Amino acid sequence: MAGAVATVSASVVGLSNVFTAPEADIYGYDPRNTWAACLATVAARWPRLPVVGYESGVDLEAAVANGCRTVGPLRVWWRRA
């Protein structure tokens, strides 16, 4: 129904692919709940590491509602091989 991928490095936990299935609303579950659960799980497992990620739209709103803050736009760099 909902989940995410946590990628751990020595200095941060990257939270990506956060999702809430549309049918989760039948159970009263929405993106804010998903973000709350994911952040709580990451904090319990890696309590000293900050969490980073990139979101937009409803997922950005849900992340901010759960204490995350925006720091700027995402830039993706690509180099031809």
# chains A, B, ... in the order shown; residues from 1 in each chain; ligands from 1

call {"tool": "select_by_dssp", "arguments": {"residues": "chain A", "states": "helix (DSSP H, G or I)", "output": "number ranges by chain"}}
result
A: 22-27, 31-45, 57-65

call {"tool": "residues_around", "arguments": {"residues": "stretch 37-39 of chain A", "least_positions_apart": "4", "cutoff": "10 Å", "atoms": "only C-alpha atoms", "output": "list in words"}}
result
Ala2, Gly3, Ala4, Val5, Ala6, Leu15, Val18, Pro31, Arg32, Asn33, Ala43, Ala44, Arg45, Val51, Ala63, Asn66, Gly67 and Cys68 of chain A

call {"tool": "write_last_selection", "arguments": {"atoms": "all heavy atoms", "output": "compact mmCIF listing (two decimals), in the first residue's frame"}}
result
# COMPACT_ATOMS: atom_id res chain seq x y z
N ALA A 2 2.00 1.22 0.68
CA ALA A 2 2.86 2.40 0.77
C ALA A 2 4.28 1.96 1.09
O ALA A 2 4.48 0.88 1.65
CB ALA A 2 2.33 3.34 1.84
N GLY A 3 5.23 2.80 0.76
CA GLY A 3 6.61 2.46 1.09
C GLY A 3 7.59 3.45 0.50
O GLY A 3 7.21 4.47 -0.07
N ALA A 4 8.87 3.11 0.63
CA ALA A 4 9.95 3.95 0.13
C ALA A 4 11.23 3.14 0.09
O ALA A 4 11.29 2.02 0.61
CB ALA A 4 10.13 5.16 1.03
N VAL A 5 12.25 3.73 -0.50
CA VAL A 5 13.59 3.14 -0.52
C VAL A 5 14.50 4.04 0.29
O VAL A 5 14.54 5.26 0.06
CB VAL A 5 14.12 3.01 -1.96
CG1 VAL A 5 15.56 2.54 -1.97
CG2 VAL A 5 13.23 2.09 -2.77
N ALA A 6 15.22 3.47 1.25
CA ALA A 6 16.21 4.22 2.03
C ALA A 6 17.60 3.77 1.58
O ALA A 6 17.90 2.58 1.60
CB ALA A 6 16.02 3.96 3.52
N LEU A 15 16.07 9.21 1.05
CA LEU A 15 14.74 8.63 1.01
C LEU A 15 14.17 8.90 -0.38
O LEU A 15 14.05 10.06 -0.80
CB LEU A 15 13.86 9.24 2.09
CG LEU A 15 12.62 8.50 2.51
CD1 LEU A 15 12.93 7.07 2.94
CD2 LEU A 15 11.92 9.22 3.64
N VAL A 18 9.21 7.24 -2.67
CA VAL A 18 8.14 7.22 -1.67
C VAL A 18 6.81 7.15 -2.43
O VAL A 18 6.57 7.91 -3.36
CB VAL A 18 8.19 8.48 -0.79
CG1 VAL A 18 7.07 8.45 0.25
CG2 VAL A 18 9.56 8.60 -0.11
N PRO A 31 -0.45 10.32 1.62
CA PRO A 31 0.99 10.59 1.58
C PRO A 31 1.57 11.14 2.89
O PRO A 31 2.71 10.84 3.23
CB PRO A 31 1.13 11.60 0.44
CG PRO A 31 0.01 11.25 -0.49
CD PRO A 31 -1.13 10.88 0.44
N ARG A 32 0.80 11.91 3.62
CA ARG A 32 1.32 12.41 4.91
C ARG A 32 1.59 11.27 5.88
O ARG A 32 2.60 11.28 6.57
CB ARG A 32 0.34 13.41 5.54
CG ARG A 32 0.35 14.73 4.83
CD ARG A 32 -0.54 15.72 5.53
NE ARG A 32 -0.61 16.94 4.77
CZ ARG A 32 -0.78 18.13 5.30
NH1 ARG A 32 -0.95 18.25 6.59
NH2 ARG A 32 -0.82 19.20 4.53
N ASN A 33 0.69 10.29 5.91
CA ASN A 33 0.91 9.12 6.76
C ASN A 33 2.15 8.34 6.31
O ASN A 33 2.94 7.87 7.13
CB ASN A 33 -0.28 8.18 6.73
CG ASN A 33 -1.57 8.81 7.16
OD1 ASN A 33 -2.47 8.95 6.34
ND2 ASN A 33 -1.69 9.20 8.40
N ALA A 43 14.49 7.30 11.28
CA ALA A 43 15.03 7.86 12.53
C ALA A 43 15.31 6.78 13.57
O ALA A 43 16.29 6.86 14.31
CB ALA A 43 14.05 8.89 13.10
N ALA A 44 14.48 5.76 13.61
CA ALA A 44 14.69 4.66 14.56
C ALA A 44 15.91 3.82 14.18
O ALA A 44 16.66 3.37 15.04
CB ALA A 44 13.45 3.78 14.65
N ARG A 45 16.10 3.62 12.89
CA ARG A 45 17.19 2.76 12.41
C ARG A 45 18.53 3.49 12.34
O ARG A 45 19.56 2.93 12.64
CB ARG A 45 16.81 2.22 11.03
CG ARG A 45 17.83 1.31 10.40
CD ARG A 45 17.96 -0.01 11.17
NE ARG A 45 18.88 -0.90 10.53
CZ ARG A 45 20.20 -0.98 10.83
NH1 ARG A 45 20.71 -0.23 11.75
NH2 ARG A 45 20.95 -1.83 10.19
N VAL A 51 18.18 13.07 6.88
CA VAL A 51 17.47 12.46 5.76
C VAL A 51 17.43 13.47 4.62
O VAL A 51 17.14 14.64 4.83
CB VAL A 51 16.03 12.07 6.17
CG1 VAL A 51 15.28 11.47 5.00
CG2 VAL A 51 16.06 11.11 7.34
N ALA A 63 6.03 15.77 2.78
CA ALA A 63 7.34 15.80 3.44
C ALA A 63 7.47 17.03 4.32
O ALA A 63 7.88 16.94 5.49
CB ALA A 63 8.46 15.75 2.40
N ASN A 66 5.65 16.96 7.50
CA ASN A 66 6.26 16.07 8.49
C ASN A 66 7.63 16.57 8.95
O ASN A 66 8.43 15.81 9.47
CB ASN A 66 6.38 14.66 7.92
CG ASN A 66 5.07 13.92 8.04
OD1 ASN A 66 4.70 13.48 9.11
ND2 ASN A 66 4.34 13.82 6.94
N GLY A 67 7.89 17.85 8.76
CA GLY A 67 9.10 18.45 9.32
C GLY A 67 10.27 18.62 8.38
O GLY A 67 11.31 19.16 8.77
N CYS A 68 10.15 18.17 7.14
CA CYS A 68 11.24 18.36 6.17
C CYS A 68 11.18 19.80 5.68
O CYS A 68 10.15 20.45 5.76
CB CYS A 68 11.09 17.41 5.00
SG CYS A 68 11.23 15.67 5.46

call {"tool": "select_by_dssp", "arguments": {"residues": "stretch 8-45 of chain A", "states": "strand (DSSP E)", "output": "PyMOL selection string"}}
result
chain A and resi 8+13-20

call {"tool": "closest_residue", "arguments": {"among": "A:Arg69, A:Arg79, A:Val52, A:Asp25", "to": "A:Val8", "atoms": "only C-alpha atoms"}}
result
A:Val52

call {"tool": "atom_distance", "arguments": {"atom1": "atom CA of A:Trp78", "atom2": "atom CA of A:Gly53"}}
result
19.0 Å

call {"tool": "closest_residue", "arguments": {"among": "A:Pro73, A:Gly28, A:Pro22, A:Pro50", "to": "A:Thr7", "atoms": "only C-alpha atoms"}}
result
A:Pro50

call {"tool": "atom_distance", "arguments": {"atom1": "atom CA of A:Asp30", "atom2": "atom CA of A:Glu61"}}
result
11.7 Å

call {"tool": "closest_residue", "arguments": {"among": "A:Tyr29, A:Trp35, A:Leu49, A:Val42", "to": "A:Val12", "atoms": "only C-alpha atoms"}}
result
A:Leu49

call {"tool": "atom_distance", "arguments": {"atom1": "atom CA of A:Arg80", "atom2": "atom CA of A:Ser16"}}
result
25.2 Å

call {"tool": "residues_around", "arguments": {"residues": "A:Gly72", "least_positions_apart": "6", "cutoff": "12 Å", "atoms": "only C-alpha atoms", "output": "VMD selection string"}}
result
chain A and resid 53 to 56
